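Notes follow the structure.
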Amino acid sequence: MRQRPLRLWASLVGALLLVLGLTSTAAYGRTDDSKAAAAQTLTWTAGDPTDHFLSFPTTAVAGATTIVFENSAATGNTTGMPHTLTFDVSDPQYNNDVPLNILANPGDDTGGKHTAEVTLTPGKYRFFCSMPGHIMMTGVLTVTDGGDGGTDTTAPVTSAKAEGQQNADGAYVGAATVTVTATDEEGGSGVKSIEYAVGADGAWQPYTTGVVVDQVGDQTVRYRATDTAGNVAAEKSLDFTVVAPPTDDTTAPETSATVSGEKDEAGNYLTMATVTVTASDTGSGVNTIEYAIGAGGAWQPYTAPVMVHDVGAQTVRYRATDKAGNAAAEKSVAFTVVEAPAEDTTAPVSTAAVTGDKNSNGAYITSAKVTLAATDDDSGVDKVEYSLDAGPYLAYTTPVIVDRVGAHTLAHRATDKAGNTSEAKEVSFSVASGGGVPPPPCAEFDERLTVIVGTVDTGVPNRITPNRCTINELIEDEKEWTSQALFLKHVDGVTDKLLAGNVIDQREFKKINKAAKQSKIGLPGQTKGYKTIFDGTQASFDKWEHVGGGAFDLTDDGVMKSSSTVGNGLGMQWYPERTYENFSLKLQFRDDGAGTYNSNGGVFVRFPNPHNNPEESRPEWVAINYGHEIQIFDSPSGDMYKTGSVYGFDRVGLAGAQVTPKGTWNDYEIRVVDQHFKILRNGVLINEFDNNGGQVFDPPRAGDPGTDGRRWASGYVGLQVHSTSDLVSYRDVRIKEL
């Protein structure tokens, strides 16, 4: 039962090796019958161990060879683990003319025993197991020339000579070029490599061409050679002297040193410091650089940057000499090495403090200030972050001011310099209106929990953005868009800024833009969005007409404000462009009266043309008698119809009006479908009314055309001015047909 998956795995690995070009046809045990019978057979075996072959040859004779690789139950494989026998063809130190890869496991078609026919040449072959995790199964096969039936056991013969301009004493002037040669006896396996080293302790390097030695002084070049049978010649050396050419150079080299490494806050080097010494000479050239560690340390040749590990105050001295014998004055660098601090695995502790004036319900009036702090006793605090109302985490730099009315949750966390981040903590609080704070510059009021474009719910949290508007409010899907392309461009611009400000992430960016396209907003034949009928410009203000007492002025900041100086008495500013039947009317109003919550205003809906009713001596009463007035009045005394009331039909008290302070903008929405009315203030439903007949004015007025409780099914919209002392301002008036 175990063999089937193992066979499948073996097939997959074999296929991979073929794709990579690593496997010959012989790797799967197929013998090439066209070849002559092999002169020798070499066998490798494997079993359960994953760090070595069970048996393998180390020597062979050049020529036709049968390779046998067995990894089977017979060789002790009880786990079913497959292994490969691979000849390395990538390392130039070894022969690379046999690209052999044999995959064997006890569950394959041959029971884990495979053969391959190859031709070996003199030299060394490196072999290994290429299965992942088992590269440690390695070895070297040495192949000698078996032409004479013997084995090469004699090392090559080596020699070296120095050449160059010499003085009368036999020293080389400026430089000497050392040439190394090696030969292998007749019938031997041949020279494989030649190596050399400069100085008594110099590292061995491959010899390819003459070695130039230009350092002044007594010199030694060591050399050796190896043949393809693996015989290494004994090390030999060549001694000579190099002297500087005649020069008038009397200036010592320029020297400098730098210290590098990881430091702590005090500037000490953690665990180790690396000292790099440089020297330059424009005359005869730098000959030697030396360094010494500590005041009494011995001078040593400088060949590479010096790593100092000893803990404590350290000094590294250095000097240089040019080829003319000029020695630079000794210099030094001083530094301190300290043990690295113990690994910090403890996260910081973050805290939050919320401050501000509270009302009797414990809500912060106008705004709340959240101050964050964090402590860390080990590596120290690196950063503090916060997330407001499930938004993305932002870097904390100064106290966070939260001034949007409603309930809020602020999460906070901290990260130390070792990368430990604390678990997020939360603090919850509420903000209540209190006046004095300008409203956010939002075109709409939309605090739904998720971002909804048209009717498409993205599932993205409807977060508050840095300008205090929600994402839904910035998208403005209720605006009347003349084309889908224009709407999509707008949404893309909004989401670009939100992405750049870390309000949303890339996934949420895509979701919102996809929803914008799915919403079909702006396409021909789709339900229109909101049409702005007053946008604060003179052109939109001029489209309105006034009837009755009072007046409205257009202020410099784009507000339609009832006048305190022109014509006392009841009047109306109305929009004569067209009538509306079922609709949602949105606007913002503000009480600008001099008293305390005493301004009276309102919104008229579904009334006929005031100029087409000659029986009315006062045209502004057409709106009252044939339409409905949606009241605006926040005074605790006076008229019992407060904000949100359908005047004369359905009364709303002051508590239900969700009163906001004088001088503060309020969002107002009036939805009318047939005889069903909904009035929302700042996104909260404050009144719902059905005018189904039988409801009359309270008290009734004789002769009113609406005393049966009914009103017109369609008509115009308008804004009320009550008197010169009742100052109410309006802005951003929009309407959408339902």
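Chains: A, B, ... in order of the structure tokens. Residues: from 1 per chain. Ligands: from 1, in order shown.
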
Considering only strand (DSSP E) as DSSP defines it on the backbone, what residues of segment 310-394 of chain A qualify? List them as number ranges by chain. A: 312-322, 331-338, 349-355, 364-365, 368-375, 381-388, 394

Skipping near chain neighbours, those fewer than 2 positions away, what residues fall within 12 Å of Glu330 of chain A using only C-alpha atoms, listed as a PyMOL selection string? chain A and resi 252-257+289-292+295+299+316-321+327-328+332-333

I'd like the contact shell of Thr142 of chain A - 8 Å cut-off, only C-alpha atoms, skipping same-chain residues fewer than 2 positions apart - returned as number ranges by chain. A: 58-60, 122-125, 140, 144, 228-230

Please produce a file of the residues just selected, as a compact mmCIF listing (two decimals), in the first residue's frame, where the atoms kept are N, CA and C atoms.
# COMPACT_ATOMS: atom_id res chain seq x y z
N THR A 58 35.94 4.81 -4.51
CA THR A 58 36.73 6.03 -4.43
C THR A 58 37.72 6.15 -5.57
N THR A 59 38.06 5.03 -6.24
CA THR A 59 39.00 5.06 -7.36
C THR A 59 38.43 4.23 -8.51
N ALA A 60 38.90 4.57 -9.71
CA ALA A 60 38.49 3.82 -10.90
C ALA A 60 39.52 4.08 -11.98
N PRO A 122 40.36 10.46 -17.03
CA PRO A 122 41.23 10.69 -15.87
C PRO A 122 40.86 11.99 -15.16
N GLY A 123 40.94 11.96 -13.86
CA GLY A 123 40.59 13.13 -13.06
C GLY A 123 39.72 12.73 -11.88
N LYS A 124 39.00 13.71 -11.35
CA LYS A 124 38.15 13.46 -10.20
C LYS A 124 36.71 13.83 -10.51
N TYR A 125 35.79 12.99 -10.07
CA TYR A 125 34.36 13.25 -10.20
C TYR A 125 33.78 13.44 -8.80
N VAL A 140 33.99 11.68 -3.58
CA VAL A 140 34.83 11.98 -4.74
C VAL A 140 35.34 10.66 -5.30
N THR A 144 42.03 7.23 -12.80
CA THR A 144 43.38 7.29 -13.36
C THR A 144 43.39 6.68 -14.75
N THR A 228 45.97 14.52 -12.21
CA THR A 228 44.57 14.10 -12.28
C THR A 228 44.30 12.84 -11.48
N ALA A 229 45.38 12.13 -11.08
CA ALA A 229 45.21 10.95 -10.22
C ALA A 229 45.14 11.35 -8.76
N GLY A 230 45.30 12.64 -8.48
CA GLY A 230 45.21 13.12 -7.11
C GLY A 230 46.52 13.19 -6.38

Which one of A:Lys417, A:Arg404, A:Arg463, A:Lys586 sits closest to Asp389 of chain A if you count only C-alpha atoms?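 Selected residue with least distance to Asp389 of chain A: A:Arg463.
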
Residues near Leu719 of chain A, cut-off 7 Å, only C-alpha atoms, skip fewer than 5 positions along chain, as JSON, numbers by chain: {"A": [572, 573, 574, 602, 603, 604]}

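Residues lying within 8 Å of segment 489-492 of chain A, counting only C-alpha atoms and ignoring same-chain neighbours fewer than 5 positions away, are Ile475, Asn513 and Ala516 of chain A.
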
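The interatomic distance for the pair atom CA of Thr470 of chain A and atom CA of Gly663 of chain A works out to 22.2 Å.
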
Just asking: which residues within segment 451-605 of chain A are helix (DSSP H, G or I) according to DSSP, as number ranges by chain? A: 471-475, 484-500, 506-518, 538-541

Selection near Val118 of chain A, 8 Å with only C-alpha atoms, sequence-local residues under 6 positions removed, as a PyMOL selection string: chain A and resi 64-67+98

So, counting only C-alpha atoms, which residue among A:Val547, A:Val157, A:Ile194, A:Ala347 is closest to Lys383 of chain A? A:Ala347

Distance query segment 337-345 of chain A at most 12 Å, only C-alpha atoms, self and fewer than 6 positions along chain excluded, as an MDAnalysis selection string: chainID A and resid 259:274 307:315 376:381 415:422

Nearest-residue call for Val453 of chain A, choices A:Lys510, A:Lys236, A:His546, A:Lys520, using only C-alpha atoms: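 Looking at the shortest contact to Val453 of chain A, the residue is A:Lys520.
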
Quick check, in Å to one decimal: how far apart do atom CA of Gly501 of chain A and atom CA of Thr355 of chain A lie? 26.2 Å

So which one's closest to Lys479 of chain A, A:Ile630, A:Leu388, A:Val733, A:Leu120? Using only C-alpha atoms, please.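 Ranked by minimum distance to Lys479 of chain A, first place goes to A:Val733.
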